[in-house]
Amino acid sequence: MSRFAPVALTVTSALLVLTACSSGVHGTPGGSGVRDPYFVKAGNGGYDVTHYALDLAYDPDDRHLTGTAEITARATQDLSAFDLDLKGMDVERVGVEGRSARWSRNGQELVVRPHDELDKGETFRLTVRYSGTPETLTDPDGSEEGWLPTADGALALGEPVGSMAWFPGNHHPSDKATYDIDVTVPEGLEAVSNGELANRTTSEGGTTFRWHTSEPMASYVAALAIGDYDISRSTTDSGLPVYVAVDKEEADDSREVLAELPEIMDWAEENFGPYPFSSTGAIVAGGDAADYALETQNRPVFPGAPDTELLVHELAHQWFGNSVTPKSWRDMWLNESFATYAEWLWEEDDGGDSAQETFDALYDHGEDDHEGLWDFPPAKPTSAAHISDTPVYERGAMVLQKIRQTVGDDTFYDIVQGWAADHRHGNADTDDFTAYVEKTAPDEDFDAIWEDWLYGDGKPDRP
């Protein structure tokens, strides 16, 4: 991963390439990074993105991507320059408000100096034209993300920072935006992304797919799947549109589990509250793409046919992670604990072990089956390489079960549904969550849960 470079050094080097500031300058450069505790160069300061309009074309034969990103943003300070996250690719032109802008590259930073300075509160439109072979990035934990070529296309996945491999942006979960993604691919291939398919046209051997996401989305859950997919459309009992894309080689193995998707969605709404998006579905990629599932918005991605528990997990993320999104990567447990606990609840409601029985088995034998369960507390991963480790998932789910034990079922579901409703389409951190729990159940004492289970080192004593 790129190391943090002080803002002054980054901007100074950029301006030496671009131009010296004039004497009338009143703005200052936006920061490179938002000081995330684990990914310090992720995101950028000085502006907030409200909309991405991406126009992409991909040729799988030579793995070449061409793109134009039109980004609408609001300046949060007077700006003389600002950064975008973009790893690799060749930048051909940058414009701000219809005028050419000067730019330079500094690692994953695309540094832009607009022709005219931007005032705090001003909404502006930025255009970046770029092309090249997108990169596959390796995370600190060794997994691959970014642009993943496949035998007949590609799969783009972004957690935690992989989206900067295929479009420039403010790539931190704290900055959510709406999206329009147009993708042109050779005729005969499908291109599947987030939200709803607004249009599909074919001409001169290419097919263009237009995807629209009207609800705010963090860039790490943006996705693009290009390849030979079987497409199916249906609705849930409540009328929610379902769009499923399955790699043809995975179709037979996926059919039975994917048929459960409408039932799972109805169950999830009953437990977690109203679904926060306007459609749902799934993408089942071929085995040569990724080796992990990801909760991409509206339409989670699976590396081959999922089982029911994995489908429940990724669909639960639509509430917890995608709608209620962490303020920083330190708050990853707020995503994974709820999705893991959803698996426990599904098993409980489906006649299997109760959530308490699952908790007890983990407490008594967790070290045998879940490596590193007690290595660190869920709210304090030791480094970027461990934000997806067992404590964030299973021990985080144990925190939720401790809350349920303390308050009882009625209040617990008030907490779960209220948390999802109060922070719908927003961002939240661990302090927000603990404060919400305490506000919802003011007569209970949660100090031992926070101190021993959420933040404490080692295996807590059984009460």
# chains A, B, ... in the order shown; residues from 1 in each chain; ligands from 1
$ residues_around --residues "A:His423" --least-positions-apart "6" --cutoff "12 Å" --atoms "only C-alpha atoms" --output "MDAnalysis selection string"
chainID A and resid 276 319:327 415:417 429 432:433 436
$ residues_around --residues "A:Ile181" --least-positions-apart "6" --cutoff "7 Å" --atoms "only C-alpha atoms" --output "PyMOL selection string"
chain A and resi 53-55+210-212
$ write_last_selection --atoms "N, CA, C and O atoms" --output "PDB file, in the first residue's frame"
ATOM      1  N   ALA A  53     -20.800  10.026 -13.017  1.00  0.00           N
ATOM      2  CA  ALA A  53     -21.308   9.568 -14.310  1.00  0.00           C
ATOM      3  C   ALA A  53     -20.121   8.982 -15.073  1.00  0.00           C
ATOM      4  O   ALA A  53     -19.225   9.718 -15.505  1.00  0.00           O
ATOM      5  N   LEU A  54     -20.098   7.675 -15.196  1.00  0.00           N
ATOM      6  CA  LEU A  54     -18.977   6.981 -15.833  1.00  0.00           C
ATOM      7  C   LEU A  54     -19.411   6.467 -17.193  1.00  0.00           C
ATOM      8  O   LEU A  54     -20.465   5.834 -17.325  1.00  0.00           O
ATOM      9  N   ASP A  55     -18.591   6.729 -18.211  1.00  0.00           N
ATOM     10  CA  ASP A  55     -18.828   6.223 -19.563  1.00  0.00           C
ATOM     11  C   ASP A  55     -17.617   5.368 -19.925  1.00  0.00           C
ATOM     12  O   ASP A  55     -16.529   5.895 -20.170  1.00  0.00           O
ATOM     13  N   ARG A 210     -26.637   0.800 -19.601  1.00  0.00           N
ATOM     14  CA  ARG A 210     -26.690   1.994 -18.752  1.00  0.00           C
ATOM     15  C   ARG A 210     -27.308   1.618 -17.414  1.00  0.00           C
ATOM     16  O   ARG A 210     -28.476   1.244 -17.334  1.00  0.00           O
ATOM     17  N   TRP A 211     -26.506   1.735 -16.350  1.00  0.00           N
ATOM     18  CA  TRP A 211     -26.940   1.398 -14.995  1.00  0.00           C
ATOM     19  C   TRP A 211     -27.074   2.670 -14.168  1.00  0.00           C
ATOM     20  O   TRP A 211     -26.201   3.537 -14.208  1.00  0.00           O
ATOM     21  N   HIS A 212     -28.153   2.747 -13.407  1.00  0.00           N
ATOM     22  CA  HIS A 212     -28.427   3.937 -12.599  1.00  0.00           C
ATOM     23  C   HIS A 212     -28.636   3.544 -11.142  1.00  0.00           C
ATOM     24  O   HIS A 212     -29.442   2.659 -10.834  1.00  0.00           O
TER      25      HIS A 212
END
$ closest_residue --among "A:Met265, A:Leu294, A:Ala218, A:Ala151" --to "A:Leu240" --atoms "only C-alpha atoms"
A:Met265
$ closest_residue --among "A:Ala428, A:Val94, A:Leu224, A:Met398" --to "A:Lys459" --atoms "only C-alpha atoms"
A:Met398
$ closest_atom_pairs --of "stretch 104-143 of chain A" --to "stretch 57-66 of chain A" --cutoff "8 Å" --atoms "only C-alpha atoms" --output "tab-separated table"
residue	atom	partner	partner_atom	distance
A:Arg129	CA	A:Thr66	CA	7.9
A:Tyr130	CA	A:Thr66	CA	6.0
A:Ser131	CA	A:Thr66	CA	4.2
A:Gly132	CA	A:His64	CA	5.5
A:Thr133	CA	A:His64	CA	5.0
A:Pro134	CA	A:Leu65	CA	6.9
$ write_last_selection --atoms "N, CA and C atoms" --output "mmCIF file, in the first residue's frame"
data_model
loop_
_atom_site.group_PDB
_atom_site.id
_atom_site.type_symbol
_atom_site.label_atom_id
_atom_site.label_comp_id
_atom_site.auth_asym_id
_atom_site.auth_seq_id
_atom_site.Cartn_x
_atom_site.Cartn_y
_atom_site.Cartn_z
ATOM 1 N N ARG A 129 -10.754 12.162 -18.579
ATOM 2 C CA ARG A 129 -10.686 11.157 -19.636
ATOM 3 C C ARG A 129 -9.434 10.320 -19.413
ATOM 4 N N TYR A 130 -9.576 9.012 -19.506
ATOM 5 C CA TYR A 130 -8.458 8.129 -19.182
ATOM 6 C C TYR A 130 -8.599 6.823 -19.946
ATOM 7 N N SER A 131 -7.519 6.052 -19.995
ATOM 8 C CA SER A 131 -7.533 4.758 -20.685
ATOM 9 C C SER A 131 -6.340 3.938 -20.234
ATOM 10 N N GLY A 132 -6.364 2.655 -20.615
ATOM 11 C CA GLY A 132 -5.252 1.784 -20.292
ATOM 12 C C GLY A 132 -5.717 0.413 -19.850
ATOM 13 N N THR A 133 -4.803 -0.333 -19.292
ATOM 14 C CA THR A 133 -5.110 -1.650 -18.740
ATOM 15 C C THR A 133 -5.260 -1.511 -17.235
ATOM 16 N N PRO A 134 -6.464 -1.666 -16.707
ATOM 17 C CA PRO A 134 -6.659 -1.471 -15.264
ATOM 18 C C PRO A 134 -5.861 -2.493 -14.459
#
$ residues_around --residues "A:Glu451" --least-positions-apart "5" --cutoff "10 Å" --atoms "only C-alpha atoms" --output "list in words"
Pro377, Phe446, Gly456, Asp457 and Pro460 of chain A
$ write_last_selection --atoms "all heavy atoms" --output "mmCIF file, in the first residue's frame"
data_model
loop_
_atom_site.group_PDB
_atom_site.id
_atom_site.type_symbol
_atom_site.label_atom_id
_atom_site.label_comp_id
_atom_site.auth_asym_id
_atom_site.auth_seq_id
_atom_site.Cartn_x
_atom_site.Cartn_y
_atom_site.Cartn_z
ATOM 1 N N PRO A 377 -9.875 -7.243 19.895
ATOM 2 C CA PRO A 377 -11.300 -6.919 20.013
ATOM 3 C C PRO A 377 -11.862 -6.444 18.674
ATOM 4 O O PRO A 377 -11.121 -5.866 17.859
ATOM 5 C CB PRO A 377 -11.334 -5.815 21.065
ATOM 6 C CG PRO A 377 -9.992 -5.196 21.004
ATOM 7 C CD PRO A 377 -9.027 -6.289 20.627
ATOM 8 N N PHE A 446 -24.358 -1.236 30.027
ATOM 9 C CA PHE A 446 -23.621 -1.906 28.950
ATOM 10 C C PHE A 446 -22.110 -1.810 29.130
ATOM 11 O O PHE A 446 -21.361 -2.248 28.252
ATOM 12 C CB PHE A 446 -24.005 -1.296 27.597
ATOM 13 C CG PHE A 446 -25.450 -1.475 27.238
ATOM 14 C CD1 PHE A 446 -26.365 -0.454 27.478
ATOM 15 C CD2 PHE A 446 -25.900 -2.659 26.686
ATOM 16 C CE1 PHE A 446 -27.704 -0.610 27.151
ATOM 17 C CE2 PHE A 446 -27.240 -2.826 26.362
ATOM 18 C CZ PHE A 446 -28.144 -1.806 26.591
ATOM 19 N N GLY A 456 -12.166 -4.959 24.754
ATOM 20 C CA GLY A 456 -11.209 -5.635 25.628
ATOM 21 C C GLY A 456 -10.325 -6.628 24.897
ATOM 22 O O GLY A 456 -10.731 -7.268 23.934
ATOM 23 N N ASP A 457 -9.099 -6.771 25.403
ATOM 24 C CA ASP A 457 -8.163 -7.734 24.822
ATOM 25 C C ASP A 457 -8.403 -9.110 25.419
ATOM 26 O O ASP A 457 -8.811 -9.250 26.577
ATOM 27 C CB ASP A 457 -6.727 -7.304 25.126
ATOM 28 C CG ASP A 457 -6.345 -6.006 24.413
ATOM 29 O OD1 ASP A 457 -6.804 -5.809 23.268
ATOM 30 O OD2 ASP A 457 -5.598 -5.201 25.003
ATOM 31 N N PRO A 460 -12.955 -12.780 26.987
ATOM 32 C CA PRO A 460 -13.645 -12.294 28.198
ATOM 33 C C PRO A 460 -14.050 -13.467 29.102
ATOM 34 O O PRO A 460 -14.284 -14.574 28.633
ATOM 35 C CB PRO A 460 -14.889 -11.584 27.636
ATOM 36 C CG PRO A 460 -14.587 -11.330 26.200
ATOM 37 C CD PRO A 460 -13.698 -12.453 25.768
#
$ residues_around --residues "A:Ile71" --least-positions-apart "5" --cutoff "8 Å" --atoms "only C-alpha atoms" --output "list in words"
Val49, Thr50, His51, Tyr52, Ala53, Arg125, Leu126, Thr127 and Gly169 of chain A
$ atom_distance --atom1 "atom CA of A:Ile387" --atom2 "atom CA of A:Met332"
6.6 Å
$ closest_residue --among "A:Thr382, A:Thr72, A:Asn106, A:Ser174" --to "A:Phe124" --atoms "only C-alpha atoms"
A:Thr72
